[in-house]
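The structure file my_file_11.txt is reproduced below (compact mmCIF, C-alpha atoms).
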# COMPACT_ATOMS: atom_id res chain seq x y z
CA MET A 1 210.66 426.56 142.99
CA ASN A 2 211.77 429.51 145.04
CA ARG A 3 209.72 432.64 144.93
CA GLU A 4 211.55 435.90 144.54
CA LEU A 5 211.46 439.60 145.22
CA ARG A 6 211.48 441.54 141.97
CA TYR A 7 212.07 445.24 141.43
CA GLU A 8 212.04 447.13 138.13
CA ARG A 9 213.03 450.60 136.99
CA LEU A 10 212.86 452.16 133.54
CA ILE A 11 215.98 454.30 133.30
CA GLN A 12 216.58 456.97 130.67
CA ALA A 13 219.93 455.72 129.35
CA SER A 14 221.26 452.83 127.30
CA PRO A 15 221.90 449.44 128.95
CA ALA A 16 225.66 449.84 128.50
CA ARG A 17 225.55 453.26 130.17
CA VAL A 18 223.42 452.02 133.06
CA PHE A 19 225.57 448.93 133.50
CA ASP A 20 228.78 450.98 133.51
CA LEU A 21 227.41 453.52 135.98
CA PHE A 22 226.10 450.78 138.23
CA THR A 23 229.50 449.11 138.36
CA SER A 24 231.39 452.39 138.77
CA PRO A 25 232.64 453.48 142.20
CA ALA A 26 230.37 456.55 142.11
CA GLY A 27 227.30 454.52 141.14
CA GLN A 28 227.98 451.94 143.79
CA ARG A 29 228.39 454.57 146.49
CA GLU A 30 225.20 456.25 145.32
CA PHE A 31 223.28 452.98 145.46
CA TYR A 32 224.02 452.68 149.17
CA GLY A 33 223.85 456.40 149.87
CA LYS A 34 221.27 458.26 151.90
CA ASP A 35 220.50 461.96 152.32
CA VAL A 36 221.37 461.90 155.98
CA PRO A 37 224.09 464.10 157.51
CA GLY A 38 227.09 461.98 158.41
CA TRP A 39 225.89 458.95 156.46
CA VAL A 40 228.83 456.64 155.74
CA VAL A 41 229.33 454.57 152.60
CA ASP A 42 232.60 452.73 152.16
CA SER A 43 232.57 450.68 148.96
CA SER A 44 235.22 448.66 147.22
CA CYS A 45 234.72 446.47 144.20
CA GLU A 46 236.71 443.93 142.27
CA LEU A 47 234.65 443.57 139.11
CA ARG A 48 235.48 440.04 137.99
CA VAL A 49 233.80 436.70 138.39
CA GLY A 50 234.77 435.55 141.88
CA GLY A 51 235.59 439.10 142.91
CA ALA A 52 233.72 440.90 145.66
CA TRP A 53 231.87 444.20 145.96
CA GLU A 54 231.99 445.08 149.64
CA ILE A 55 230.07 447.90 151.24
CA ALA A 56 229.94 449.22 154.76
CA PHE A 57 227.18 451.75 155.26
CA GLY A 58 225.34 453.37 158.10
CA PRO A 59 224.63 456.51 160.09
CA SER A 60 228.07 456.69 161.71
CA PRO A 61 231.44 454.93 161.60
CA GLY A 62 230.46 453.14 164.79
CA GLU A 63 227.21 451.78 163.39
CA LEU A 64 227.84 450.15 160.05
CA TYR A 65 225.94 447.48 158.17
CA ARG A 66 227.91 445.40 155.73
CA HIS A 67 227.02 443.85 152.43
CA ARG A 68 229.33 441.59 150.52
CA HIS A 69 228.36 440.69 146.97
CA VAL A 70 230.48 438.07 145.20
CA PHE A 71 230.18 438.22 141.43
CA GLU A 72 229.00 434.89 140.04
CA ALA A 73 228.34 436.18 136.53
CA ILE A 74 229.26 439.38 134.73
CA GLU A 75 227.75 439.73 131.26
CA ARG A 76 228.20 443.34 130.26
CA PRO A 77 225.93 445.10 129.51
CA ARG A 78 222.98 442.87 130.26
CA ARG A 79 223.42 440.93 133.49
CA LEU A 80 225.12 440.65 136.89
CA LEU A 81 224.62 437.75 139.25
CA LEU A 82 225.73 438.22 142.84
CA ALA A 83 225.88 436.05 145.93
CA THR A 84 224.95 438.55 148.63
CA THR A 85 225.65 438.36 152.33
CA GLU A 86 224.28 440.92 154.76
CA THR A 87 226.07 441.17 158.07
CA ARG A 88 224.03 442.54 160.93
CA LEU A 89 225.32 444.70 163.74
CA ASP A 90 225.38 441.68 166.03
CA GLY A 91 227.63 439.86 163.55
CA SER A 92 225.02 437.37 162.36
CA ARG A 93 224.46 436.99 158.64
CA LEU A 94 221.80 436.55 156.00
CA ALA A 95 222.71 435.21 152.56
CA PHE A 96 220.67 435.42 149.38
CA SER A 97 221.13 435.77 145.62
CA THR A 98 220.79 439.04 143.72
CA GLU A 99 220.55 439.34 139.95
CA PHE A 100 220.54 442.59 137.99
CA THR A 101 219.52 442.65 134.34
CA PHE A 102 219.66 445.59 131.95
CA ALA A 103 217.35 445.22 128.95
CA PRO A 104 216.87 447.75 126.14
CA ARG A 105 213.37 449.31 126.01
CA ASP A 106 212.69 451.93 123.32
CA GLY A 107 215.97 453.73 123.81
CA THR A 108 215.91 453.35 127.57
CA THR A 109 216.82 450.50 129.95
CA LEU A 110 214.59 448.25 131.93
CA MET A 111 216.74 447.54 134.98
CA THR A 112 215.46 444.57 136.94
CA MET A 113 216.71 443.37 140.30
CA VAL A 114 215.63 439.96 141.52
CA GLN A 115 216.45 438.51 144.94
CA TRP A 116 215.84 434.98 146.08
CA GLY A 117 217.04 432.43 148.59
CA PHE A 118 215.56 434.04 151.71
CA PRO A 119 214.61 431.88 154.64
CA SER A 120 211.01 432.74 153.85
CA ASP A 121 211.05 431.06 150.45
CA GLU A 122 209.35 427.95 151.63
CA LEU A 123 206.81 430.00 153.46
CA ARG A 124 206.07 431.96 150.34
CA ASP A 125 205.85 428.79 148.25
CA GLU A 126 202.84 427.85 150.28
CA HIS A 127 200.82 430.70 148.85
CA GLY A 128 198.06 429.24 146.74
CA HIS A 129 198.10 425.89 148.46
CA GLY A 130 195.25 426.71 150.75
CA VAL A 131 197.06 427.79 153.88
CA PRO A 132 194.70 430.48 155.05
CA HIS A 133 194.68 433.59 157.17
CA ALA A 134 198.04 435.24 157.76
CA PHE A 135 199.77 433.25 155.03
CA ASP A 136 197.67 435.06 152.45
CA ARG A 137 198.43 438.38 154.08
CA LEU A 138 202.16 437.72 153.86
CA ALA A 139 201.94 436.53 150.26
CA ARG A 140 200.09 439.68 149.22
CA MET A 141 203.17 441.67 150.18
CA LEU A 142 205.33 439.75 147.73
CA MET B 1 216.06 460.19 159.66
CA ARG B 2 218.14 457.37 161.05
CA TYR B 3 218.67 454.13 159.27
CA SER B 4 216.56 452.21 161.68
CA ALA B 5 215.95 448.91 159.94
CA PRO B 6 218.89 446.55 160.31
CA ILE B 7 217.96 444.61 157.25
CA GLY B 8 218.37 440.93 157.73
CA ALA B 9 218.14 441.24 161.46
CA LEU B 10 215.68 438.47 162.02
CA SER B 11 214.46 438.43 165.58
CA PRO B 12 214.48 435.21 167.59
CA THR B 13 210.71 435.04 167.07
CA LEU B 14 211.06 435.42 163.36
CA ASP B 15 213.84 432.83 163.22
CA ALA B 16 211.55 430.45 165.08
CA THR B 17 208.76 431.19 162.60
CA PHE B 18 210.88 430.49 159.58
CA PHE B 19 212.30 427.35 161.16
CA ALA B 20 208.84 426.13 162.02
CA LEU B 21 207.63 426.73 158.48
CA SER B 22 210.62 425.08 156.84
CA ASP B 23 209.17 421.60 157.27
CA PRO B 24 206.42 420.28 154.97
CA THR B 25 204.79 418.24 157.75
CA ARG B 26 204.44 421.34 159.89
CA ARG B 27 203.06 423.32 156.98
CA GLY B 28 200.58 420.50 156.46
CA ILE B 29 199.55 420.77 160.09
CA LEU B 30 198.93 424.50 159.70
CA GLU B 31 196.97 423.87 156.54
CA ARG B 32 194.81 421.33 158.35
CA LEU B 33 194.29 423.67 161.29
CA GLY B 34 193.28 426.38 158.86
CA SER B 35 190.02 424.54 158.43
CA GLY B 36 189.43 424.24 162.18
CA PRO B 37 190.85 422.88 165.43
CA ALA B 38 191.99 419.27 165.62
CA THR B 39 193.33 416.91 168.25
CA LEU B 40 196.84 415.48 168.03
CA SER B 41 195.31 412.12 166.99
CA GLN B 42 193.36 413.75 164.22
CA LEU B 43 196.51 415.47 162.98
CA ALA B 44 198.51 412.27 163.16
CA GLY B 45 196.01 410.31 161.05
CA PRO B 46 196.59 411.79 157.59
CA SER B 47 200.29 412.54 158.19
CA GLY B 48 201.23 408.91 158.77
CA LEU B 49 203.27 409.98 161.80
CA THR B 50 203.07 408.56 165.28
CA LEU B 51 201.43 410.56 168.02
CA ASN B 52 204.87 411.33 169.43
CA GLY B 53 206.11 412.52 166.05
CA ILE B 54 203.14 414.85 165.65
CA LYS B 55 203.60 416.08 169.21
CA LYS B 56 207.16 417.18 168.38
CA HIS B 57 206.07 419.07 165.28
CA VAL B 58 203.20 420.74 167.10
CA GLY B 59 205.60 421.71 169.89
CA ILE B 60 207.83 423.52 167.40
CA LEU B 61 204.83 425.33 165.91
CA GLU B 62 203.61 426.20 169.38
CA ARG B 63 206.96 427.67 170.41
CA ALA B 64 206.87 429.86 167.28
CA GLY B 65 203.40 431.08 168.26
CA LEU B 66 201.82 429.56 165.18
CA VAL B 67 199.73 427.03 167.04
CA GLU B 68 198.07 426.93 170.45
CA THR B 69 197.07 423.77 172.27
CA GLU B 70 195.03 422.82 175.28
CA LYS B 71 194.32 419.51 176.97
CA VAL B 72 190.64 418.68 176.67
CA GLY B 73 189.82 415.52 178.57
CA ARG B 74 192.23 412.87 177.36
CA ALA B 75 192.99 414.62 174.12
CA ARG B 76 195.09 417.67 173.28
CA GLU B 77 193.32 420.07 171.00
CA CYS B 78 195.27 422.30 168.62
CA TRP B 79 194.32 425.43 166.69
CA LEU B 80 196.07 428.21 164.82
CA GLY B 81 197.91 430.64 167.09
CA PRO B 82 197.81 434.41 166.91
CA ALA B 83 199.00 435.49 163.50
CA MET B 84 201.33 438.09 164.94
CA THR B 85 204.48 436.11 164.23
CA LEU B 86 203.57 435.86 160.57
CA GLY B 87 202.78 439.54 160.68
CA GLU B 88 206.34 440.11 161.80
CA ALA B 89 207.63 438.01 158.89
CA GLY B 90 205.59 440.10 156.50
CA GLU B 91 206.84 443.31 158.03
CA TRP B 92 210.44 442.18 157.70
CA ILE B 93 210.02 441.37 154.03
CA GLU B 94 208.23 444.66 153.44
CA ALA B 95 211.02 446.59 155.20
CA HIS B 96 213.60 444.74 153.11
CA ARG B 97 211.71 445.61 149.94
CA ARG B 98 211.38 449.30 150.86
CA VAL B 99 215.12 449.65 151.46
CA TRP B 100 216.05 448.09 148.12
CA GLU B 101 213.37 450.08 146.28
CA GLY B 102 214.96 453.19 147.79
CA ARG B 103 218.38 452.14 146.53
CA LEU B 104 217.08 451.66 143.00
CA ASP B 105 215.28 455.03 143.11
CA ARG B 106 218.47 456.68 144.21
CA PHE B 107 220.52 454.98 141.49
CA GLU B 108 217.92 455.94 138.85
CA ARG B 109 218.22 459.61 139.84
CA PHE B 110 222.01 459.30 139.75
CA VAL B 111 221.97 457.99 136.16
CA GLU B 112 219.59 460.68 135.04
CA ARG B 113 221.80 463.38 136.56
CA ALA B 114 224.82 461.84 134.85
CA GLU B 115 223.16 461.90 131.42
Take the structure in this file and express it as structure tokens.
Amino acid sequence: MNRELRYERLIQASPARVFDLFTSPAGQREFYGKDVPGWVVDSSCELRVGGAWEIAFGPSPGELYRHRHVFEAIERPRRLLLATTETRLDGSRLAFSTEFTFAPRDGTTLMTMVQWGFPSDELRDEHGHGVPHAFDRLARML
Amino acid sequence: MRYSAPIGALSPTLDATFFALSDPTRRGILERLGSGPATLSQLAGPSGLTLNGIKKHVGILERAGLVETEKVGRARECWLGPAMTLGEAGEWIEAHRRVWEGRLDRFERFVERAE
């Protein structure tokens, strides 16, 4: 079984509201934004299964990182499943899966992002199997 | 502050680390060496591999910095290498996590402003 990176936020709005803002052009630009003068975010999104959300972002037009998320599932307002590819400045790529879920919690939304499929998965799977020293140190970060 | 962490930019060392760790035999070797140094013959015993087979796996681990070896008499002794390459793997994952945590924080503030 692959291990995963999991992130959670409790957001003061309904799941439908959070989902809609997250899939809006403004929300998507904000997600990749940064309070840095000149920071560039160029985002375009085709919100349909098989469609792509593509973002170029970085400190200047000449130094842009690129993410391409292909929608594998869209279940408004509770779930998005994306096949994510990061393209590095040198043109090489890293692919992994990203899932967002939006669950109601006492009038707010528990937004959860889970990522898996990294090249380190097998490394992380070893945690708990007795591989000592630095393996434990790495696993503690996850 | 510049965006200084090209997320996903695995260095050649890190690529070598992940490649080395992608094989269960090599992970088994590291697990065995975790309990102390061993010769190639001692590593080959429980793995069911030939000496040459083990040598190849140990070579890959050695190139990734995960294992060090030295010829002692007629045998080659192996032990765990400096953990710095795994430290780099951990740092990469931590940097990746920090960036995505920052994105979620930013989106959370955006929703709350929009409400």
Determine the nearest neighbour of A:Gly117 from the options A:Ile11, A:Ala103, A:Leu82, A:Ala52, counting only C-alpha atoms.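 Of all the options, A:Leu82 lies closest to A:Gly117.
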Using all atoms listed in the file, which of the listed residues (A:Arg68, A:Arg105, A:Arg48, A:Arg88) sits closest to chain B? A:Arg88
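Of the listed residues (B:Arg63, B:Arg27, B:Lys71, B:His57), B:Arg27 comes nearest to chain A; the distances count all atoms listed in the file.
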When you look at B:Pro46 with a cut-off of 10 Å (counting only C-alpha atoms), what residues show up, excluding the ones that are within fewer than 4 positions of it in the same chain? I need them as a PyMOL selection string. chain B and resi 28-29+32+41-42
Would you compute the box with edges along x, y and z of the file around stretch 34-40 of chain A, including every atom the file lists for it and 8 Å extra on each side, and give its centre and edge lengths in Å to one decimal, as AutoDock Vina command-line options?
--center_x 224.7 --center_y 460.4 --center_z 155.2 --size_x 24.3 --size_y 23.5 --size_z 22.5
Shell of 9 Å around B:Lys55, all atoms listed in the file, local chain residues under 4 positions omitted, as number ranges by chain: B: 40, 44, 50-51, 59-60
Spatial neighbours of stretch 77-79 of chain B, 8 Å, only C-alpha atoms, chain gap at least 2 places, as JSON, numbers by chain: {"B": [33, 34, 36, 37, 38, 39, 40, 67, 68, 69, 70, 71, 72, 75, 81]}
File dump, residues just selected, C-alpha atoms, as a short mmCIF file (atom, residue, chain, number, x, y, z; two decimals), in the frame of the given file:
data_model
loop_
_atom_site.label_atom_id
_atom_site.label_comp_id
_atom_site.auth_asym_id
_atom_site.auth_seq_id
_atom_site.Cartn_x
_atom_site.Cartn_y
_atom_site.Cartn_z
CA LEU B 33 194.29 423.67 161.29
CA GLY B 34 193.28 426.38 158.86
CA GLY B 36 189.43 424.24 162.18
CA PRO B 37 190.85 422.88 165.43
CA ALA B 38 191.99 419.27 165.62
CA THR B 39 193.33 416.91 168.25
CA LEU B 40 196.84 415.48 168.03
CA VAL B 67 199.73 427.03 167.04
CA GLU B 68 198.07 426.93 170.45
CA THR B 69 197.07 423.77 172.27
CA GLU B 70 195.03 422.82 175.28
CA LYS B 71 194.32 419.51 176.97
CA VAL B 72 190.64 418.68 176.67
CA ALA B 75 192.99 414.62 174.12
CA GLY B 81 197.91 430.64 167.09
#
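Shortest atom-to-atom contact with A:Leu47 among A:Gln115, A:Thr108, A:Thr101, A:Gln28: A:Gln28, counting all atoms listed in the file.
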Enumerate, as a PDB file with C-alpha atoms, in the frame of the given file, the protein, DNA and RNA residues whose atoms approach (226.4, 449.8, 150.3) to within 10 Å, taking into account all atoms listed in the file and the coordinate frame of the file.
ATOM      1  CA  GLN A  28     227.980 451.940 143.790  1.00  0.00           C
ATOM      2  CA  ARG A  29     228.390 454.570 146.490  1.00  0.00           C
ATOM      3  CA  GLU A  30     225.200 456.250 145.320  1.00  0.00           C
ATOM      4  CA  PHE A  31     223.280 452.980 145.460  1.00  0.00           C
ATOM      5  CA  TYR A  32     224.020 452.680 149.170  1.00  0.00           C
ATOM      6  CA  GLY A  33     223.850 456.400 149.870  1.00  0.00           C
ATOM      7  CA  VAL A  40     228.830 456.640 155.740  1.00  0.00           C
ATOM      8  CA  VAL A  41     229.330 454.570 152.600  1.00  0.00           C
ATOM      9  CA  ASP A  42     232.600 452.730 152.160  1.00  0.00           C
ATOM     10  CA  SER A  43     232.570 450.680 148.960  1.00  0.00           C
ATOM     11  CA  SER A  44     235.220 448.660 147.220  1.00  0.00           C
ATOM     12  CA  TRP A  53     231.870 444.200 145.960  1.00  0.00           C
ATOM     13  CA  GLU A  54     231.990 445.080 149.640  1.00  0.00           C
ATOM     14  CA  ILE A  55     230.070 447.900 151.240  1.00  0.00           C
ATOM     15  CA  ALA A  56     229.940 449.220 154.760  1.00  0.00           C
ATOM     16  CA  PHE A  57     227.180 451.750 155.260  1.00  0.00           C
ATOM     17  CA  GLY A  58     225.340 453.370 158.100  1.00  0.00           C
ATOM     18  CA  LEU A  64     227.840 450.150 160.050  1.00  0.00           C
ATOM     19  CA  TYR A  65     225.940 447.480 158.170  1.00  0.00           C
ATOM     20  CA  ARG A  66     227.910 445.400 155.730  1.00  0.00           C
ATOM     21  CA  HIS A  67     227.020 443.850 152.430  1.00  0.00           C
ATOM     22  CA  ARG A  68     229.330 441.590 150.520  1.00  0.00           C
ATOM     23  CA  HIS A  69     228.360 440.690 146.970  1.00  0.00           C
TER      24      HIS A  69
ATOM     25  CA  ARG B 103     218.380 452.140 146.530  1.00  0.00           C
TER      26      ARG B 103
END
Neighbour list for A:Met113 as a ChimeraX atom specification, cut-off 6 Å, all atoms listed in the file, skip fewer than 5 positions in-chain: /A:6-7,99-100
Find the residue from A:Glu86, A:Pro59, A:Gly51, A:Asp20 that sits nearest to A:Val36; use only C-alpha atoms when measuring. A:Pro59
Residue with the minimum atom-to-atom distance to chain B, picked from A:Val70, A:Ala83, A:Val49, A:Met111 with only C-alpha atoms counted, is A:Met111
Kindly give the distance, in Å, that separates atom CA of A:Val114 and atom CA of A:Leu81, rounded to a single decimal. 9.5 Å
